[in-house]
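> Contents of final.txt (compact mmCIF, C-alpha atoms):
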# COMPACT_ATOMS: atom_id res chain seq x y z
CA MET A 836 -9.33 -34.45 3.37
CA ARG A 837 -6.88 -36.85 1.75
CA LYS A 838 -3.33 -37.01 3.10
CA GLY A 839 -1.82 -35.47 -0.07
CA GLU A 840 -4.34 -32.63 0.03
CA GLU A 841 -3.62 -32.00 3.74
CA THR A 842 0.10 -31.78 3.06
CA LYS A 843 -0.54 -29.36 0.23
CA GLN A 844 -2.75 -27.15 2.43
CA SER A 845 -0.09 -26.99 5.13
CA ILE A 846 2.57 -26.11 2.54
CA LEU A 847 0.32 -23.35 1.20
CA LEU A 848 -0.29 -21.89 4.66
CA HIS A 849 3.43 -21.79 5.30
CA ALA A 850 4.06 -20.28 1.86
CA ALA A 851 1.38 -17.61 2.38
CA ARG A 852 3.01 -16.60 5.68
CA LEU A 853 6.45 -16.52 4.09
CA ALA A 854 5.15 -14.44 1.16
CA SER A 855 3.53 -11.98 3.58
CA ARG A 856 6.96 -11.36 5.09
CA ILE A 857 9.36 -11.41 2.16
CA GLY A 858 7.07 -11.03 -0.87
CA LEU A 859 5.65 -13.45 -3.39
CA GLU A 860 8.48 -12.95 -5.86
CA ALA A 861 11.32 -13.37 -3.35
CA MET A 862 9.80 -16.65 -2.13
CA THR A 863 11.47 -19.43 -4.11
CA ILE A 864 10.66 -23.14 -4.11
CA GLY A 865 14.20 -23.67 -2.76
CA HIS A 866 13.55 -21.30 0.14
CA LEU A 867 10.28 -23.04 0.95
CA ALA A 868 11.85 -26.52 0.72
CA GLU A 869 14.51 -25.48 3.23
CA ASP A 870 11.91 -24.03 5.64
CA LEU A 871 9.74 -27.14 5.47
CA ALA A 872 12.65 -29.62 5.40
CA MET A 873 11.26 -31.05 2.16
CA SER A 874 13.06 -31.80 -1.08
CA LYS A 875 12.79 -29.29 -3.92
CA SER A 876 11.69 -32.12 -6.21
CA GLY A 877 8.92 -33.01 -3.73
CA LEU A 878 7.68 -29.42 -3.84
CA PHE A 879 7.94 -29.29 -7.61
CA ALA A 880 5.73 -32.39 -7.68
CA HIS A 881 3.04 -30.33 -5.88
CA PHE A 882 3.32 -27.09 -7.83
CA GLY A 883 5.34 -27.58 -11.01
CA SER A 884 6.53 -23.99 -11.26
CA LYS A 885 7.05 -20.88 -9.18
CA GLU A 886 4.18 -19.15 -10.96
CA THR A 887 1.79 -21.99 -10.14
CA LEU A 888 2.94 -21.80 -6.51
CA GLN A 889 2.29 -18.03 -6.48
CA LEU A 890 -1.18 -18.49 -7.97
CA GLU A 891 -2.06 -21.27 -5.53
CA VAL A 892 -0.84 -19.21 -2.57
CA LEU A 893 -3.10 -16.35 -3.67
CA GLU A 894 -6.13 -18.61 -4.12
CA PHE A 895 -5.44 -20.23 -0.76
CA THR A 896 -5.27 -16.80 0.87
CA ALA A 897 -8.48 -15.68 -0.87
CA GLN A 898 -10.21 -18.77 0.50
CA MET A 899 -8.99 -17.98 4.03
CA PHE A 900 -10.21 -14.40 3.61
CA LEU A 901 -13.63 -15.67 2.58
CA GLU A 902 -13.82 -17.93 5.62
CA GLU A 903 -12.39 -15.52 8.20
CA VAL A 904 -13.63 -12.12 7.03
CA VAL A 905 -16.50 -12.37 4.54
CA ARG A 906 -18.45 -15.37 5.84
CA PRO A 907 -18.63 -14.31 9.52
CA ALA A 908 -19.62 -10.77 8.45
CA PHE A 909 -22.47 -12.20 6.39
CA GLN A 910 -23.95 -13.65 9.55
CA GLU A 911 -24.72 -10.06 10.59
CA GLU A 912 -27.74 -8.12 9.31
CA PRO A 913 -27.15 -6.48 5.91
CA GLY A 914 -26.22 -2.82 6.06
CA LEU A 915 -24.31 -1.09 8.83
CA PRO A 916 -23.93 -4.15 11.13
CA ARG A 917 -22.38 -6.15 8.27
CA ILE A 918 -20.02 -3.33 7.29
CA ARG A 919 -18.89 -2.97 10.90
CA ALA A 920 -18.31 -6.73 11.05
CA LEU A 921 -16.28 -6.68 7.81
CA PHE A 922 -14.10 -3.99 9.39
CA GLU A 923 -13.57 -5.90 12.66
CA HIS A 924 -12.80 -9.19 10.93
CA TRP A 925 -10.47 -7.51 8.43
CA LEU A 926 -8.51 -5.89 11.29
CA ARG A 927 -8.10 -9.24 13.01
CA TRP A 928 -7.46 -11.44 10.01
CA ALA A 929 -4.07 -10.15 8.94
CA GLU A 930 -2.82 -9.74 12.52
CA THR A 931 -3.72 -13.28 13.53
CA ASN A 932 -2.58 -15.22 10.49
CA PHE A 933 0.26 -13.31 8.93
CA GLU A 934 3.32 -11.94 10.60
CA GLY A 935 3.92 -9.77 7.53
CA GLY A 936 0.40 -8.35 7.18
CA CYS A 937 -2.23 -9.08 4.55
CA PRO A 938 -0.58 -11.02 1.69
CA TYR A 939 -2.84 -9.27 -0.85
CA VAL A 940 -1.72 -5.80 0.20
CA GLN A 941 1.86 -6.99 -0.14
CA ALA A 942 1.42 -8.78 -3.47
CA THR A 943 -0.63 -5.97 -4.99
CA VAL A 944 2.15 -3.42 -4.66
CA GLU A 945 4.68 -6.02 -5.76
CA PHE A 946 2.83 -7.08 -8.92
CA ASP A 947 0.97 -3.97 -10.04
CA ASP A 948 3.52 -3.41 -12.82
CA ARG A 949 4.18 -7.03 -13.78
CA PRO A 950 1.70 -8.18 -16.41
CA GLY A 951 0.86 -11.89 -16.28
CA PRO A 952 -1.39 -14.46 -14.63
CA VAL A 953 -0.41 -13.47 -11.06
CA ARG A 954 -1.31 -9.83 -11.62
CA ASP A 955 -4.53 -10.86 -13.40
CA LEU A 956 -5.62 -12.97 -10.44
CA LEU A 957 -4.75 -10.22 -7.95
CA GLU A 958 -6.77 -7.70 -9.94
CA VAL A 959 -9.82 -10.02 -10.12
CA ARG A 960 -9.75 -10.72 -6.38
CA GLN A 961 -9.20 -7.07 -5.43
CA ARG A 962 -12.05 -5.97 -7.70
CA GLU A 963 -14.31 -8.56 -6.07
CA TRP A 964 -13.43 -7.16 -2.65
CA LEU A 965 -14.15 -3.57 -3.68
CA GLU A 966 -17.35 -4.61 -5.44
CA GLY A 967 -18.36 -6.52 -2.31
CA LEU A 968 -17.81 -3.36 -0.25
CA ALA A 969 -19.87 -1.31 -2.72
CA GLU A 970 -22.62 -3.95 -2.59
CA SER A 971 -22.61 -3.75 1.21
CA ALA A 972 -23.05 0.02 0.94
CA ARG A 973 -25.99 -0.54 -1.47
CA ARG A 974 -27.59 -2.84 1.12
CA ALA A 975 -27.01 -0.18 3.77
CA LYS A 976 -28.86 2.33 1.59
CA MET A 977 -31.74 -0.13 1.11
CA ALA A 978 -31.89 -0.68 4.86
CA GLY A 979 -31.98 3.08 5.42
CA HIS A 980 -28.64 3.04 7.29
CA PHE A 981 -26.91 5.12 4.60
CA GLY A 982 -28.32 8.20 2.86
CA GLU A 983 -30.01 7.87 -0.54
CA ASP A 984 -27.44 10.02 -2.31
CA LEU A 985 -24.46 7.94 -1.15
CA ASP A 986 -22.20 6.68 -3.96
CA PRO A 987 -21.42 3.02 -3.09
CA ASP A 988 -18.19 2.90 -5.14
CA GLN A 989 -16.94 6.08 -3.49
CA PHE A 990 -17.68 4.48 -0.12
CA ALA A 991 -15.70 1.36 -1.13
CA PHE A 992 -12.75 3.52 -2.20
CA GLU A 993 -12.69 5.51 1.05
CA PHE A 994 -13.22 2.50 3.31
CA TYR A 995 -10.44 0.48 1.67
CA SER A 996 -8.11 3.52 1.67
CA LEU A 997 -8.41 3.62 5.46
CA LEU A 998 -7.54 -0.09 5.70
CA LEU A 999 -4.46 0.49 3.53
CA GLY A 1000 -3.53 3.46 5.70
CA TYR A 1001 -3.86 1.31 8.80
CA HIS A 1002 -1.66 -1.38 7.24
CA HIS A 1003 1.00 1.26 6.55
CA ALA A 1004 0.83 2.87 10.00
CA ALA A 1005 0.85 -0.45 11.86
CA ARG A 1006 3.45 -2.31 9.82
CA MET A 1007 5.84 0.34 8.53
CA LEU A 1008 5.66 2.96 11.24
CA HIS A 1009 4.81 0.60 14.13
CA ASP A 1010 2.48 3.38 15.23
CA PRO A 1011 0.86 2.30 18.52
CA GLN A 1012 -2.06 4.60 17.62
CA ALA A 1013 -2.72 2.89 14.27
CA GLU A 1014 -5.75 0.91 15.44
CA ALA A 1015 -7.25 3.84 17.36
CA ARG A 1016 -6.80 6.08 14.30
CA VAL A 1017 -8.42 3.72 11.82
CA ARG A 1018 -11.33 3.11 14.23
CA ARG A 1019 -11.91 6.83 14.57
CA ALA A 1020 -11.66 7.39 10.81
CA VAL A 1021 -14.04 4.51 10.00
CA ASP A 1022 -16.54 5.77 12.61
CA GLN A 1023 -16.45 9.21 10.98
CA LEU A 1024 -16.87 7.75 7.51
CA LEU A 1025 -19.87 5.66 8.60
CA ASP A 1026 -21.40 8.70 10.35
CA HIS A 1027 -20.89 10.76 7.22
CA CYS A 1028 -22.69 8.10 5.12
CA ARG A 1029 -25.94 8.27 7.11
CA MET B 1126 28.05 19.26 -11.04
CA ARG B 1127 31.15 17.18 -11.78
CA LYS B 1128 31.03 14.57 -14.51
CA GLY B 1129 31.28 11.66 -12.06
CA GLU B 1130 28.46 13.09 -9.98
CA GLU B 1131 26.31 13.65 -13.09
CA THR B 1132 26.80 10.03 -14.14
CA LYS B 1133 25.86 8.89 -10.68
CA GLN B 1134 22.69 11.01 -10.64
CA SER B 1135 21.58 9.60 -13.98
CA ILE B 1136 22.25 6.05 -12.78
CA LEU B 1137 20.19 6.78 -9.66
CA LEU B 1138 17.27 8.17 -11.66
CA HIS B 1139 17.26 5.07 -13.83
CA ALA B 1140 17.54 2.83 -10.75
CA ALA B 1141 14.66 4.63 -9.00
CA ARG B 1142 12.44 4.11 -12.04
CA LEU B 1143 13.43 0.46 -12.29
CA ALA B 1144 12.78 -0.05 -8.56
CA SER B 1145 9.34 1.57 -8.89
CA ARG B 1146 8.44 -1.09 -11.43
CA ILE B 1147 10.05 -4.27 -10.16
CA GLY B 1148 10.85 -3.47 -6.53
CA LEU B 1149 14.00 -2.44 -4.72
CA GLU B 1150 14.94 -5.99 -3.80
CA ALA B 1151 14.46 -7.47 -7.27
CA MET B 1152 16.66 -4.74 -8.77
CA THR B 1153 20.19 -6.16 -8.93
CA ILE B 1154 23.40 -4.39 -9.92
CA GLY B 1155 23.60 -6.88 -12.83
CA HIS B 1156 20.12 -5.90 -13.99
CA LEU B 1157 20.99 -2.23 -13.83
CA ALA B 1158 24.32 -2.73 -15.62
CA GLU B 1159 22.53 -4.46 -18.49
CA ASP B 1160 19.90 -1.69 -18.75
CA LEU B 1161 22.53 1.05 -18.77
CA ALA B 1162 25.03 -0.85 -20.91
CA MET B 1163 27.64 -0.40 -18.19
CA SER B 1164 29.93 -2.97 -16.63
CA LYS B 1165 28.96 -4.48 -13.30
CA SER B 1166 32.38 -3.54 -11.95
CA GLY B 1167 31.79 0.09 -13.03
CA LEU B 1168 28.55 0.13 -11.07
CA PHE B 1169 30.15 -1.53 -8.07
CA ALA B 1170 32.72 1.29 -8.13
CA HIS B 1171 29.84 3.76 -7.63
CA PHE B 1172 27.87 1.86 -5.01
CA GLY B 1173 29.93 -0.93 -3.50
CA SER B 1174 26.97 -3.11 -2.54
CA LYS B 1175 23.33 -3.69 -3.34
CA GLU B 1176 22.32 -2.29 0.03
CA THR B 1177 24.24 0.93 -0.59
CA LEU B 1178 22.54 1.18 -3.99
CA GLN B 1179 19.12 0.70 -2.35
CA LEU B 1180 19.87 3.37 0.26
CA GLU B 1181 21.14 5.82 -2.34
CA VAL B 1182 18.09 5.23 -4.55
CA LEU B 1183 15.84 6.03 -1.58
CA GLU B 1184 17.76 9.19 -0.68
CA PHE B 1185 17.75 10.28 -4.33
CA THR B 1186 13.98 9.75 -4.47
CA ALA B 1187 13.48 11.64 -1.20
CA GLN B 1188 15.42 14.55 -2.68
CA MET B 1189 13.25 14.52 -5.82
CA PHE B 1190 10.15 14.43 -3.60
CA LEU B 1191 11.41 17.47 -1.69
CA GLU B 1192 12.01 19.38 -4.92
CA GLU B 1193 8.86 18.38 -6.78
CA VAL B 1194 6.27 18.09 -4.02
CA VAL B 1195 7.33 19.79 -0.79
CA ARG B 1196 9.22 22.85 -2.06
CA PRO B 1197 6.59 24.04 -4.58
CA ALA B 1198 3.85 23.52 -1.97
CA PHE B 1199 5.77 25.70 0.46
CA GLN B 1200 5.47 28.59 -1.98
CA GLU B 1201 1.76 28.65 -1.15
CA GLU B 1202 0.33 30.30 1.95
CA PRO B 1203 0.49 28.07 5.06
CA GLY B 1204 -2.73 26.24 5.87
CA LEU B 1205 -5.34 25.09 3.40
CA PRO B 1206 -3.64 26.46 0.23
CA ARG B 1207 -0.42 24.62 1.13
CA ILE B 1208 -2.24 21.37 1.90
CA ARG B 1209 -4.11 21.57 -1.42
CA ALA B 1210 -0.79 22.18 -3.18
CA LEU B 1211 0.83 19.19 -1.45
CA PHE B 1212 -2.05 17.06 -2.73
CA GLU B 1213 -1.80 18.32 -6.32
CA HIS B 1214 1.97 17.94 -6.47
CA TRP B 1215 1.84 14.49 -4.88
CA LEU B 1216 -0.70 13.31 -7.48
CA ARG B 1217 1.52 14.53 -10.30
CA TRP B 1218 4.89 13.50 -8.96
CA ALA B 1219 4.57 9.74 -9.16
CA GLU B 1220 2.69 9.82 -12.46
CA THR B 1221 5.29 11.99 -14.17
CA ASN B 1222 8.48 10.41 -12.94
CA PHE B 1223 7.78 6.79 -12.24
CA GLU B 1224 6.11 4.28 -14.48
CA GLY B 1225 5.63 2.03 -11.48
CA GLY B 1226 4.19 4.63 -9.07
CA CYS B 1227 5.78 6.19 -6.01
CA PRO B 1228 8.96 4.24 -5.12
CA TYR B 1229 8.33 4.83 -1.41
CA VAL B 1230 4.88 3.24 -1.50
CA GLN B 1231 6.44 0.27 -3.29
CA ALA B 1232 9.48 -0.04 -1.01
CA THR B 1233 7.47 0.42 2.17
CA VAL B 1234 5.34 -2.64 1.57
CA GLU B 1235 8.39 -4.55 0.38
CA PHE B 1236 10.56 -3.78 3.39
CA ASP B 1237 8.12 -3.43 6.29
CA ASP B 1238 9.13 -6.87 7.60
CA ARG B 1239 12.84 -6.76 6.77
CA PRO B 1240 14.82 -5.20 9.60
CA GLY B 1241 17.97 -3.36 8.53
CA PRO B 1242 19.28 -0.03 7.24
CA VAL B 1243 16.88 0.13 4.26
CA ARG B 1244 13.83 -0.32 6.45
CA ASP B 1245 15.23 2.18 8.97
CA LEU B 1246 15.68 4.83 6.29
CA LEU B 1247 12.19 4.20 4.89
CA GLU B 1248 10.67 4.55 8.34
CA VAL B 1249 12.50 7.82 9.01
CA ARG B 1250 11.45 9.33 5.67
CA GLN B 1251 7.83 8.16 6.00
CA ARG B 1252 7.61 9.56 9.53
CA GLU B 1253 8.95 12.88 8.27
CA TRP B 1254 6.26 12.94 5.59
CA LEU B 1255 3.48 12.19 8.08
CA GLU B 1256 4.89 14.69 10.57
CA GLY B 1257 5.06 17.26 7.78
CA LEU B 1258 1.39 16.64 7.02
CA ALA B 1259 0.50 16.99 10.71
CA GLU B 1260 2.52 20.22 10.88
CA SER B 1261 0.63 21.54 7.85
CA ALA B 1262 -2.62 20.77 9.66
CA ARG B 1263 -1.35 22.67 12.72
CA ARG B 1264 -0.61 25.66 10.50
CA ALA B 1265 -4.13 25.38 9.05
CA LYS B 1266 -5.55 25.52 12.59
CA MET B 1267 -3.42 28.57 13.37
CA ALA B 1268 -4.65 30.25 10.19
CA GLY B 1269 -8.24 29.46 11.17
CA HIS B 1270 -8.73 27.19 8.13
CA PHE B 1271 -9.19 24.10 10.29
CA GLY B 1272 -11.26 23.84 13.46
CA GLU B 1273 -9.60 24.19 16.88
CA ASP B 1274 -10.46 20.66 17.94
CA LEU B 1275 -8.84 19.04 14.89
CA ASP B 1276 -6.23 16.36 15.69
CA PRO B 1277 -3.30 17.02 13.30
CA ASP B 1278 -1.97 13.43 13.47
CA GLN B 1279 -5.42 12.04 12.73
CA PHE B 1280 -5.59 14.37 9.73
CA ALA B 1281 -2.18 13.13 8.50
CA PHE B 1282 -3.33 9.51 8.84
CA GLU B 1283 -6.56 10.09 6.89
CA PHE B 1284 -4.96 12.23 4.19
CA TYR B 1285 -2.17 9.74 3.53
CA SER B 1286 -4.65 6.81 3.60
CA LEU B 1287 -6.47 8.43 0.68
CA LEU B 1288 -3.22 8.81 -1.27
CA LEU B 1289 -2.46 5.11 -0.67
CA GLY B 1290 -5.99 4.24 -1.78
CA TYR B 1291 -5.49 6.28 -4.94
CA HIS B 1292 -2.20 4.51 -5.63
CA HIS B 1293 -3.97 1.16 -5.31
CA ALA B 1294 -6.98 2.11 -7.45
CA ALA B 1295 -4.89 3.71 -10.19
CA ARG B 1296 -2.06 1.20 -10.39
CA MET B 1297 -3.58 -2.16 -9.45
CA LEU B 1298 -7.17 -1.76 -10.60
CA HIS B 1299 -6.47 0.72 -13.44
CA ASP B 1300 -9.66 2.40 -12.25
CA PRO B 1301 -10.34 5.35 -14.61
CA GLN B 1302 -12.26 6.97 -11.72
CA ALA B 1303 -9.28 6.82 -9.31
CA GLU B 1304 -8.33 10.48 -9.61
CA ALA B 1305 -11.95 11.69 -9.44
CA ARG B 1306 -12.51 9.55 -6.33
CA VAL B 1307 -9.43 10.75 -4.44
CA ARG B 1308 -10.27 14.38 -5.32
CA ARG B 1309 -13.78 13.97 -3.97
CA ALA B 1310 -12.54 12.23 -0.82
CA VAL B 1311 -9.86 14.85 -0.13
CA ASP B 1312 -12.40 17.66 -0.67
CA GLN B 1313 -14.70 16.01 1.86
CA LEU B 1314 -11.86 15.53 4.34
CA LEU B 1315 -10.80 19.18 4.05
CA ASP B 1316 -14.43 20.31 4.43
CA HIS B 1317 -14.78 18.12 7.49
CA CYS B 1318 -11.65 19.70 9.07
CA ARG B 1319 -13.01 23.25 8.99
Could you render the structure from this file as structure tokens?

Amino acid sequence: MRKGEETKQSILLHAARLASRIGLEAMTIGHLAEDLAMSKSGLFAHFGSKETLQLEVLEFTAQMFLEEVVRPAFQEEPGLPRIRALFEHWLRWAETNFEGGCPYVQATVEFDDRPGPVRDLLEVRQREWLEGLAESARRAKMAGHFGEDLDPDQFAFEFYSLLLGYHHAARMLHDPQAEARVRRAVDQLLDHCR
Amino acid sequence: MRKGEETKQSILLHAARLASRIGLEAMTIGHLAEDLAMSKSGLFAHFGSKETLQLEVLEFTAQMFLEEVVRPAFQEEPGLPRIRALFEHWLRWAETNFEGGCPYVQATVEFDDRPGPVRDLLEVRQREWLEGLAESARRAKMAGHFGEDLDPDQFAFEFYSLLLGYHHAARMLHDPQAEARVRRAVDQLLDHCR
């Protein structure tokens, strides 16, 4: 990786962490410059505008998600083992990387009513995630792990709802039972899908 | 209601709607003054500070929630009928009043990592809601609608997860199936609790 590219990646990681705490809209180039002890003009040279910065932070985060959640899960057998791995890696990914939780959960609520390129990108990436979950359920049906009458999109909806519920219980309520609850609920859902 | 109080209530309704769209933090007194064609100093006279405005918007919204979701549901028999009514009124309440969805869902993600009075209030009100759901499940056990081994807090977690999933599917993904999916999932959950 070239030096300029390395610098950019480390700025993006910092920005993604900041956005997970305070939100993508509240994160200004000035704020970021102060945190990184860089000049605002230096940062502008990398990103040009706040919107470009927001878009690049989201793409950077999507790439991390691919590497830390999707790719390792795809090393498991298709079907139930892969779905269980997606769940385990998802649980760990936000906790390990982001003090403020998954930046997509944060940005989605923040931008759902703000039309524009940031919302468009969020919608595309969130659809991909839900379609990926539905596809995993289809594979589980093919492998005989899930029943033939299972609706893969309904599975994706219910599975992701539980992850959002976990995010809420862990981050807003600081519920020490959050992880135990989501594990129990996911186990029940997977049982129910057989 | 006195004239001053009426004015304040109508400012708060407008502010709650604005916050549901753009977020509680992005909503400034200047922004609100422009929308309402009032002077900033007039608004400051009502609220004193942005934080007070945020807190009052949240209390106003909690009051609306009590009147439009909780109170009508409590006119139903305790147990399953009341839980079904809570679900129906919850679905309608955000759609009818707030262009940007439930202000608490929005504010919760926005403030989960910002310690202070706003976060404290959100946590208290969200806990009350989850405890209320758990209490409804306890009533359903007493009435014999739910099984004796049902964990009321686990029920509250799963029920609210589905509402959060619906919020995401309807508002971010504009999924035309969102309502059908959450209805199906809640039916299954209630069946499972018997």
> How close does chain A get to chain B? List, as a tab-separated table, each residue of chain A within 8 Å, its nearest atom pair and the distance in Å to one decimal, counting all atoms listed in the file.

residue	atom	partner	partner_atom	distance
A:Arg856	CA	B:Asp1238	CA	5.6
A:Ile857	CA	B:Asp1238	CA	7.1
A:Gly858	CA	B:Glu1235	CA	6.7
A:Ala861	CA	B:Ala1151	CA	7.7
A:Gly935	CA	B:Asp1238	CA	6.0
A:Val940	CA	B:Val1234	CA	7.9
A:Gln941	CA	B:Val1234	CA	5.8
A:Thr943	CA	B:Met1297	CA	6.6
A:Val944	CA	B:Gln1231	CA	5.8
A:Glu945	CA	B:Gly1148	CA	6.7
A:Phe946	CA	B:Ile1147	CA	7.8
A:Asp947	CA	B:Met1297	CA	4.9
A:Asp948	CA	B:Arg1146	CA	5.6
A:Arg949	CA	B:Ile1147	CA	7.4
A:Glu958	CA	B:Leu1298	CA	6.0
A:Gln961	CA	B:Leu1298	CA	7.7
A:Arg962	CA	B:Leu1298	CA	7.1
A:Gln989	CA	B:Arg1306	CA	6.3
A:Phe992	CA	B:Gly1290	CA	6.8
A:Glu993	CA	B:Leu1287	CA	6.9
A:Tyr995	CA	B:Gly1290	CA	6.8
A:Ser996	CA	B:Gly1290	CA	4.1
A:Leu997	CA	B:Ser1286	CA	5.3
A:Leu998	CA	B:Ser1286	CA	7.8
A:Leu999	CA	B:Ser1286	CA	6.3
A:Gly1000	CA	B:Ser1286	CA	4.1
A:Tyr1001	CA	B:Ser1286	CA	7.6
A:His1003	CA	B:Val1234	CA	7.7
A:Ala1004	CA	B:Phe1282	CA	7.9
A:Arg1006	CA	B:Asp1237	CA	6.0
A:Met1007	CA	B:Asp1237	CA	4.9
A:Leu1008	CA	B:Glu1248	CA	6.0
A:Arg1016	CA	B:Gln1279	CA	6.3
A:Ala1020	CA	B:Glu1283	CA	7.0
> Provide the CA of Tyr1229 in chain B to CA of Glu1184 in chain B distance in Å, to one decimal place.
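Atom-to-atom, CA of Tyr1229 in chain B to CA of Glu1184 in chain B, that is 10.4 Å.
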> Quick check, in Å to one decimal: how far apart do CA of His924 in chain A and CA of Leu890 in chain A lie?
24.1 Å
> Env of Lys1266 in chain B: 12 Å cut, atoms = all atoms listed in the file, seq-sep filter 6 positions within chain, self excluded. Answer as a list in words.
Pro1203, Gly1204, Leu1205, Ile1208, Ala1259, Glu1260, Gly1272, Glu1273, Asp1274, Leu1275, Asp1276, Pro1277, Phe1280, Leu1315, Cys1318 and Arg1319 of chain B
> Figure out the distance between CA of Leu921 in chain A and CA of Arg960 in chain A, please, to one decimal in Å.
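CA of Leu921 in chain A lies at a distance of 16.1 Å from CA of Arg960 in chain A.
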> List as CSV every residue of range 927-994 of chain A that is in contact with range 876-889 of chain A, defined as an atom at most 10 Å from one of its atoms (using only C-alpha atoms), together with the nearest atom pair and the distance in Å rounded to one decimal, sorted by chain and then rising number.

residue,atom,partner,partner_atom,distance
A:Ala942,CA,A:Gln889,CA,9.8
A:Gly951,CA,A:Glu886,CA,9.6
A:Pro952,CA,A:Glu886,CA,8.2
A:Val953,CA,A:Gln889,CA,7.0
> With distances taken over all atoms listed in the file, which residue among B:Thr1186, B:Ala1262, B:Thr1153, B:Lys1128 lies nearest Pro1206 in chain B?
B:Ala1262
